[in-house]
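**Q** Okay, handing you the structure first.
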Amino acid sequence: MVKSMTGYGRARETRNSRDITVEIRAVNNRYLDCTVKMPRLYIFAEDAIRQRVQRSVSRGKVDVFITVEAAADSTKVAVNRELAAQYAAALQELAEACGLGDFRLAPEQLARFPDVLTVTKEEEDLEAVGADLCAVVDEALSAFHKMRGVEGARLAEDIGNRLDTIERYTGEVEARSPETVAEYRRKLTARIQEVLQNVTIDPQRILTEAAIYADKVAVDEETVRLRSHVAQMRTMLTSSEPMGRKMDFLIQEINRESNTIGSKSSDVAIAQVVVNLKAEVEKMREQVQNIE
C-alpha cells in the first residue's frame, strides 16, 4: 500500500504515574531525517525511540515531540532534624547574648537555612521508564501510519487515473503515427507532380522516400517502453514496500520517452498529444514526490 511521506500522529497515556504525550509529524524529504525532542531527564531513551522510527519509516523529515509530567508523589521533602535543632539552639543563644528577652523562632525561619529541608526524587527504573516512553511512541506511530495510509490511498488513486490518461495518449500516438507517413507520401507525390508536370513519376521512388521518412519518425519503441513503464508504475502502487524513489526514477523515464516522441514527429496532432502527455507526467511527478 502506498504511503504518503507527510503525516501526523499523537498519543497520550498515563503509565506508572507519568503523563506521557507523544506527537509525530513528518514532511517530504529525500532521505530519512529524524529529530527527537524530549525532556533532558529522559534523554537516555532517545536512541531507542529513534530506532523505532527508523524501523517503520524509510524517508521523510520526521519530528518526534515528547512531554512527560511526573506525579507529585515521586518527589519527597525531608527534614534534617538534627541540623534544625542546632540552628534553633544557636539562634536562641544569639538572642540571649543580645538581650532580646522572650525570643520565639518560627519554623519558616528555620526552613530558610541551608540543608534544613532536602528535596529528593525517588530512584527510577530507567529500563521501565524507557519501555513506557517507547510504548506511547508506538501508539503515536500507529496513528501516524494510519494518516499516511489514508493520504497514500488518495495519491495512488490520482496517479492511477493519470496513468490511464497517459495510456490513452500513447494509444492516440500509435494510431496517428501511420497516418503521418501516408500524408507525407501524398504530399511528396503532389509536390513532385507540381514541379515535374509533364514527367512520369517513379512510384518506387515515392515508396522509398516514404519508407525512409517512416523509419525516421517511427515511435514504436518509445510507445512500447511507455506502456512498460506504466505497467511497472501500476505494480508499484500495489506494493507494500516503499516505492517513492523507484517511482521517481520511472517518471523520469516516462518523461524521456515523451520528449523523444515529440522530437521525432513533426505532425501537429502528435505534437499536441505530446504536450498533453508531458503535462500529465509533470502532475504525476508532483504527486510521486509525496510518496514514501
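Letters A, B, ... mark the chains of the C-alpha cells in the order given; residue numbers begin at 1 per chain; ligand numbers begin at 1, in order shown.
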Using only C-alpha atoms, determine which residues lie at most 10 Å from Leu237 (chain A), disregarding the query and same-chain residues fewer than 4 positions distant; provide the list as a PyMOL selection string.

**A** chain A and resi 1-3+152-153+155-157+159-160+232-233+241-244+247

**Q** Write out as a Markdown table a residue-level contact list of region 63-143 of chain A versus region 8-29 of chain A with cut-off 12 Å: for each qualifying residue the closest pair of atoms and the distance in Å to one decimal, counting only C-alpha atoms, rows sorted by chain and residue number upward.

**A**
| residue | atom | partner | partner_atom | distance |
| --- | --- | --- | --- | --- |
| A:Asp63 | CA | A:Arg25 | CA | 5.3 |
| A:Val64 | CA | A:Ile24 | CA | 4.6 |
| A:Phe65 | CA | A:Glu23 | CA | 5.1 |
| A:Ile66 | CA | A:Val22 | CA | 4.6 |
| A:Thr67 | CA | A:Thr21 | CA | 5.3 |
| A:Val68 | CA | A:Ile20 | CA | 4.7 |
| A:Glu69 | CA | A:Asp19 | CA | 5.0 |
| A:Ala70 | CA | A:Arg18 | CA | 4.5 |
| A:Ala71 | CA | A:Ser17 | CA | 5.3 |
| A:Ala72 | CA | A:Ser17 | CA | 8.7 |
| A:Asp73 | CA | A:Ser17 | CA | 8.5 |
| A:Ser74 | CA | A:Ser17 | CA | 8.2 |
| A:Thr75 | CA | A:Ser17 | CA | 11.7 |
| A:Glu124 | CA | A:Asn16 | CA | 10.6 |
| A:Asp125 | CA | A:Asn16 | CA | 10.7 |
| A:Ala128 | CA | A:Asn16 | CA | 9.0 |
| A:Val129 | CA | A:Asn16 | CA | 8.4 |
| A:Gly130 | CA | A:Arg15 | CA | 11.2 |
| A:Ala131 | CA | A:Arg15 | CA | 10.0 |
| A:Asp132 | CA | A:Arg15 | CA | 6.5 |
| A:Leu133 | CA | A:Ile20 | CA | 7.1 |
| A:Cys134 | CA | A:Val22 | CA | 9.6 |
| A:Ala135 | CA | A:Glu13 | CA | 9.3 |
| A:Val136 | CA | A:Ala11 | CA | 6.2 |
| A:Val137 | CA | A:Val22 | CA | 6.0 |
| A:Asp138 | CA | A:Ala11 | CA | 8.6 |
| A:Glu139 | CA | A:Ala11 | CA | 5.8 |
| A:Ala140 | CA | A:Arg10 | CA | 4.7 |
| A:Leu141 | CA | A:Gly9 | CA | 6.2 |
| A:Ser142 | CA | A:Gly9 | CA | 7.4 |
| A:Ala143 | CA | A:Gly9 | CA | 4.7 |

**Q** Generate the output file for the selected residues, C-alpha atoms, as an mmCIF file, in the first residue's frame.

**A**
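Result written to out-v2.cif:
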data_model
loop_
_atom_site.group_PDB
_atom_site.id
_atom_site.type_symbol
_atom_site.label_atom_id
_atom_site.label_comp_id
_atom_site.auth_asym_id
_atom_site.auth_seq_id
_atom_site.Cartn_x
_atom_site.Cartn_y
_atom_site.Cartn_z
ATOM 1 C CA ASP A 63 9.954 15.267 14.194
ATOM 2 C CA VAL A 64 9.080 13.487 17.444
ATOM 3 C CA PHE A 65 7.937 15.648 20.367
ATOM 4 C CA ILE A 66 7.684 14.062 23.824
ATOM 5 C CA THR A 67 6.448 15.665 27.037
ATOM 6 C CA VAL A 68 6.401 13.921 30.428
ATOM 7 C CA GLU A 69 4.653 15.107 33.569
ATOM 8 C CA ALA A 70 5.606 13.053 36.597
ATOM 9 C CA ALA A 71 3.205 12.657 39.512
ATOM 10 C CA ALA A 72 3.921 14.694 42.638
ATOM 11 C CA ASP A 73 4.374 11.595 44.826
ATOM 12 C CA SER A 74 7.661 10.877 43.051
ATOM 13 C CA THR A 75 9.198 13.827 44.959
ATOM 14 C CA GLU A 124 13.652 5.484 38.842
ATOM 15 C CA ASP A 125 13.944 2.211 36.966
ATOM 16 C CA ALA A 128 10.925 0.603 32.833
ATOM 17 C CA VAL A 129 10.729 4.325 32.050
ATOM 18 C CA GLY A 130 12.235 3.736 28.595
ATOM 19 C CA ALA A 131 9.710 0.949 27.952
ATOM 20 C CA ASP A 132 6.835 3.270 28.919
ATOM 21 C CA LEU A 133 8.071 6.010 26.603
ATOM 22 C CA CYS A 134 8.508 3.585 23.699
ATOM 23 C CA ALA A 135 5.034 2.134 24.264
ATOM 24 C CA VAL A 136 3.438 5.564 23.853
ATOM 25 C CA VAL A 137 5.679 6.259 20.859
ATOM 26 C CA ASP A 138 4.356 3.067 19.265
ATOM 27 C CA GLU A 139 0.793 4.305 19.735
ATOM 28 C CA ALA A 140 1.656 7.634 18.127
ATOM 29 C CA LEU A 141 3.379 5.828 15.259
ATOM 30 C CA SER A 142 0.249 3.756 14.703
ATOM 31 C CA ALA A 143 -1.868 6.910 14.343
#

**Q** Check region 9-194 of chain A with DSSP on the backbone and list each residue it calls strand (DSSP E or B), as a PyMOL selection string.

**A** chain A and resi 9-15+18-27+32-37+60-70+75-79+117-121

**Q** Find, counting only C-alpha atoms, the residue in A:Met147, A:Met5, A:Leu83, A:Leu100 that gets nearest to Asp115 (chain A).

**A**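 Among the listed residues, the smallest separation from Asp115 (chain A) belongs to A:Leu83.
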
**Q** Nearest to Lys246 (chain A): which of A:Ala106, A:Val150, A:Val77, A:Val288 is it, counting only C-alpha atoms?

**A**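 Of all the options, A:Val288 lies closest to Lys246 (chain A).
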
**Q** Counting only C-alpha atoms, what is within 9 Å of Arg227 (chain A), bar same-chain residues fewer than 4 positions away, as a list in words?

**A**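 The filter keeps Ile166, Glu167, Thr170, Glu222, Thr223, Ala231 and Gln232 of chain A.
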
**Q** Would you output that residue set with N, CA and C atoms, as a compact mmCIF listing (two decimals), in the first residue's frame?

**A**
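Ended up saving to again_26.txt:
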# COMPACT_ATOMS: atom_id res chain seq x y z
N ILE A 166 -2.29 8.69 -19.55
CA ILE A 166 -1.04 8.52 -20.32
C ILE A 166 -1.19 7.37 -21.31
N GLU A 167 -1.82 6.28 -20.89
CA GLU A 167 -2.04 5.16 -21.81
C GLU A 167 -2.95 5.59 -22.97
N THR A 170 -0.90 7.59 -25.31
CA THR A 170 0.01 6.70 -26.03
C THR A 170 -0.72 6.00 -27.17
N GLU A 222 9.41 3.74 -28.51
CA GLU A 222 9.08 4.66 -27.41
C GLU A 222 7.72 4.33 -26.78
N THR A 223 6.73 4.05 -27.62
CA THR A 223 5.40 3.76 -27.07
C THR A 223 5.39 2.42 -26.33
N ALA A 231 2.95 0.06 -16.78
CA ALA A 231 2.65 -1.22 -16.12
C ALA A 231 3.45 -1.37 -14.84
N GLN A 232 4.72 -0.97 -14.88
CA GLN A 232 5.55 -1.06 -13.68
C GLN A 232 5.04 -0.13 -12.58

**Q** Which residues are close to region 275-281 of chain A, i.e. within 7 Å by only C-alpha atoms, leaving aside same-chain residues fewer than 6 positions away? Reply as a VMD selection string.

**A** chain A and resid 162 166 169 251 255 258

**Q** Quick one: residues within 8 Å of Ser4 (chain A), only C-alpha atoms, excluding same-chain residues fewer than 4 positions away - as an mmCIF file with all heavy atoms, in the first residue's frame?

**A**
data_model
loop_
_atom_site.group_PDB
_atom_site.id
_atom_site.type_symbol
_atom_site.label_atom_id
_atom_site.label_comp_id
_atom_site.auth_asym_id
_atom_site.auth_seq_id
_atom_site.Cartn_x
_atom_site.Cartn_y
_atom_site.Cartn_z
ATOM 1 N N ARG A 148 -0.947 8.480 7.181
ATOM 2 C CA ARG A 148 -0.148 8.386 5.952
ATOM 3 C C ARG A 148 -0.778 7.414 4.958
ATOM 4 O O ARG A 148 -0.699 7.620 3.750
ATOM 5 C CB ARG A 148 1.276 7.931 6.278
ATOM 6 C CG ARG A 148 2.091 8.961 7.038
ATOM 7 C CD ARG A 148 3.571 8.698 6.900
ATOM 8 N NE ARG A 148 3.908 7.335 7.224
ATOM 9 C CZ ARG A 148 4.930 6.669 6.696
ATOM 10 N NH1 ARG A 148 5.699 7.252 5.796
ATOM 11 N NH2 ARG A 148 5.189 5.436 7.070
ATOM 12 N N GLY A 149 -1.385 6.352 5.478
ATOM 13 C CA GLY A 149 -2.036 5.379 4.601
ATOM 14 C C GLY A 149 -3.240 5.974 3.891
ATOM 15 O O GLY A 149 -3.459 5.724 2.699
ATOM 16 N N GLU A 151 -3.759 9.178 3.206
ATOM 17 C CA GLU A 151 -3.263 10.124 2.207
ATOM 18 C C GLU A 151 -2.622 9.371 1.043
ATOM 19 O O GLU A 151 -2.753 9.763 -0.117
ATOM 20 C CB GLU A 151 -2.246 11.067 2.850
ATOM 21 C CG GLU A 151 -1.679 12.129 1.920
ATOM 22 C CD GLU A 151 -2.712 13.078 1.383
ATOM 23 O OE1 GLU A 151 -3.761 13.243 2.023
ATOM 24 O OE2 GLU A 151 -2.488 13.654 0.296
ATOM 25 N N GLY A 152 -1.926 8.271 1.344
ATOM 26 C CA GLY A 152 -1.294 7.477 0.290
ATOM 27 C C GLY A 152 -2.321 6.875 -0.653
ATOM 28 O O GLY A 152 -2.088 6.790 -1.868
ATOM 29 N N LEU A 155 -3.301 9.506 -3.071
ATOM 30 C CA LEU A 155 -2.240 9.703 -4.056
ATOM 31 C C LEU A 155 -2.243 8.583 -5.100
ATOM 32 O O LEU A 155 -2.105 8.832 -6.300
ATOM 33 C CB LEU A 155 -0.874 9.756 -3.361
ATOM 34 C CG LEU A 155 -0.582 10.977 -2.486
ATOM 35 C CD1 LEU A 155 0.718 10.790 -1.724
ATOM 36 C CD2 LEU A 155 -0.518 12.236 -3.334
ATOM 37 N N ASN A 290 5.503 13.077 -3.043
ATOM 38 C CA ASN A 290 4.904 12.950 -1.718
ATOM 39 C C ASN A 290 4.887 11.512 -1.190
ATOM 40 O O ASN A 290 4.481 11.269 -0.063
ATOM 41 C CB ASN A 290 3.455 13.469 -1.736
ATOM 42 C CG ASN A 290 3.381 14.932 -2.093
ATOM 43 O OD1 ASN A 290 4.152 15.735 -1.608
ATOM 44 N ND2 ASN A 290 2.450 15.282 -2.965
ATOM 45 N N ILE A 291 5.305 10.564 -2.030
ATOM 46 C CA ILE A 291 5.208 9.144 -1.656
ATOM 47 C C ILE A 291 6.488 8.675 -0.975
ATOM 48 O O ILE A 291 7.584 9.007 -1.404
ATOM 49 C CB ILE A 291 4.904 8.289 -2.902
ATOM 50 C CG1 ILE A 291 3.502 8.631 -3.430
ATOM 51 C CG2 ILE A 291 4.994 6.812 -2.579
ATOM 52 C CD1 ILE A 291 3.122 7.879 -4.692
ATOM 53 N N GLU A 292 6.296 7.881 0.071
ATOM 54 C CA GLU A 292 7.470 7.360 0.814
ATOM 55 C C GLU A 292 8.291 6.417 -0.061
ATOM 56 O O GLU A 292 7.737 5.567 -0.730
ATOM 57 C CB GLU A 292 6.992 6.614 2.046
ATOM 58 C CG GLU A 292 8.134 6.064 2.891
ATOM 59 C CD GLU A 292 7.669 5.240 4.066
ATOM 60 O OE1 GLU A 292 6.469 4.878 4.101
ATOM 61 O OE2 GLU A 292 8.455 4.959 4.964
#

**Q** Tell me which protein, DNA and RNA residues are within 12 Å of Ala85 (chain A), counting only C-alpha atoms, leaving out same-chain ones fewer than 3 positions away, and put them as a ChimeraX atom specification.

**A** /A:79-82,88-92,105,107,110-111,113,116

**Q** Please produce a file of those selected residues containing N, CA, C and O atoms, as a PDB file, in the first residue's frame.

**A**
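As written to disk, again_21.pdb reads:
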ATOM      1  N   VAL A  79      13.090  16.509  56.458  1.00  0.00           N
ATOM      2  CA  VAL A  79      13.590  17.490  57.431  1.00  0.00           C
ATOM      3  C   VAL A  79      14.839  16.932  58.110  1.00  0.00           C
ATOM      4  O   VAL A  79      14.830  15.810  58.637  1.00  0.00           O
ATOM      5  N   ASN A  80      15.889  17.723  58.110  1.00  0.00           N
ATOM      6  CA  ASN A  80      17.108  17.347  58.826  1.00  0.00           C
ATOM      7  C   ASN A  80      16.946  17.830  60.274  1.00  0.00           C
ATOM      8  O   ASN A  80      17.279  18.960  60.621  1.00  0.00           O
ATOM      9  N   ARG A  81      16.379  16.957  61.087  1.00  0.00           N
ATOM     10  CA  ARG A  81      16.016  17.335  62.449  1.00  0.00           C
ATOM     11  C   ARG A  81      17.232  17.795  63.261  1.00  0.00           C
ATOM     12  O   ARG A  81      17.179  18.793  63.999  1.00  0.00           O
ATOM     13  N   GLU A  82      18.302  17.079  63.167  1.00  0.00           N
ATOM     14  CA  GLU A  82      19.495  17.401  63.963  1.00  0.00           C
ATOM     15  C   GLU A  82      20.038  18.777  63.592  1.00  0.00           C
ATOM     16  O   GLU A  82      20.363  19.591  64.468  1.00  0.00           O
ATOM     17  N   ALA A  88      18.311  26.147  65.722  1.00  0.00           N
ATOM     18  CA  ALA A  88      17.421  26.742  66.734  1.00  0.00           C
ATOM     19  C   ALA A  88      18.180  27.099  67.995  1.00  0.00           C
ATOM     20  O   ALA A  88      17.991  28.169  68.596  1.00  0.00           O
ATOM     21  N   ALA A  89      19.050  26.171  68.444  1.00  0.00           N
ATOM     22  CA  ALA A  89      19.830  26.409  69.656  1.00  0.00           C
ATOM     23  C   ALA A  89      20.777  27.593  69.470  1.00  0.00           C
ATOM     24  O   ALA A  89      20.948  28.431  70.379  1.00  0.00           O
ATOM     25  N   ALA A  90      21.379  27.653  68.278  1.00  0.00           N
ATOM     26  CA  ALA A  90      22.312  28.749  68.008  1.00  0.00           C
ATOM     27  C   ALA A  90      21.580  30.089  67.971  1.00  0.00           C
ATOM     28  O   ALA A  90      22.088  31.100  68.503  1.00  0.00           O
ATOM     29  N   LEU A  91      20.409  30.129  67.418  1.00  0.00           N
ATOM     30  CA  LEU A  91      19.645  31.367  67.363  1.00  0.00           C
ATOM     31  C   LEU A  91      19.162  31.780  68.754  1.00  0.00           C
ATOM     32  O   LEU A  91      19.130  32.979  69.091  1.00  0.00           O
ATOM     33  N   GLN A  92      18.787  30.791  69.579  1.00  0.00           N
ATOM     34  CA  GLN A  92      18.363  31.098  70.949  1.00  0.00           C
ATOM     35  C   GLN A  92      19.524  31.677  71.743  1.00  0.00           C
ATOM     36  O   GLN A  92      19.379  32.654  72.495  1.00  0.00           O
ATOM     37  N   LEU A 105      11.044  31.567  67.792  1.00  0.00           N
ATOM     38  CA  LEU A 105      11.531  31.228  66.452  1.00  0.00           C
ATOM     39  C   LEU A 105      10.445  30.483  65.683  1.00  0.00           C
ATOM     40  O   LEU A 105       9.937  29.457  66.145  1.00  0.00           O
ATOM     41  N   PRO A 107       8.945  28.208  62.480  1.00  0.00           N
ATOM     42  CA  PRO A 107       9.503  27.127  61.647  1.00  0.00           C
ATOM     43  C   PRO A 107       9.953  27.612  60.269  1.00  0.00           C
ATOM     44  O   PRO A 107      10.964  27.138  59.745  1.00  0.00           O
ATOM     45  N   LEU A 110      13.488  28.797  60.251  1.00  0.00           N
ATOM     46  CA  LEU A 110      14.477  27.714  60.199  1.00  0.00           C
ATOM     47  C   LEU A 110      14.565  27.096  58.809  1.00  0.00           C
ATOM     48  O   LEU A 110      15.639  26.680  58.370  1.00  0.00           O
ATOM     49  N   ALA A 111      13.422  27.041  58.105  1.00  0.00           N
ATOM     50  CA  ALA A 111      13.398  26.411  56.784  1.00  0.00           C
ATOM     51  C   ALA A 111      14.267  27.140  55.778  1.00  0.00           C
ATOM     52  O   ALA A 111      14.681  26.560  54.763  1.00  0.00           O
ATOM     53  N   PHE A 113      17.255  28.184  56.263  1.00  0.00           N
ATOM     54  CA  PHE A 113      18.672  27.863  56.416  1.00  0.00           C
ATOM     55  C   PHE A 113      19.046  26.669  55.527  1.00  0.00           C
ATOM     56  O   PHE A 113      18.224  25.762  55.312  1.00  0.00           O
ATOM     57  N   VAL A 116      18.309  22.431  55.812  1.00  0.00           N
ATOM     58  CA  VAL A 116      17.304  22.045  56.801  1.00  0.00           C
ATOM     59  C   VAL A 116      16.222  21.201  56.132  1.00  0.00           C
ATOM     60  O   VAL A 116      15.768  20.199  56.691  1.00  0.00           O
TER      61      VAL A 116
END

**Q** Report, in Å with one decimal, the straight-line distance from CA of Val224 (chain A) to CA of Gln289 (chain A).

**A**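 Distance between the two atoms: 25.3 Å.
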
**Q** What separation in Å, quoted to one decimal, exists between CA of Arg234 (chain A) and CA of Asp164 (chain A)?

**A**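 Separation of CA of Arg234 (chain A) and CA of Asp164 (chain A): 10.0 Å.
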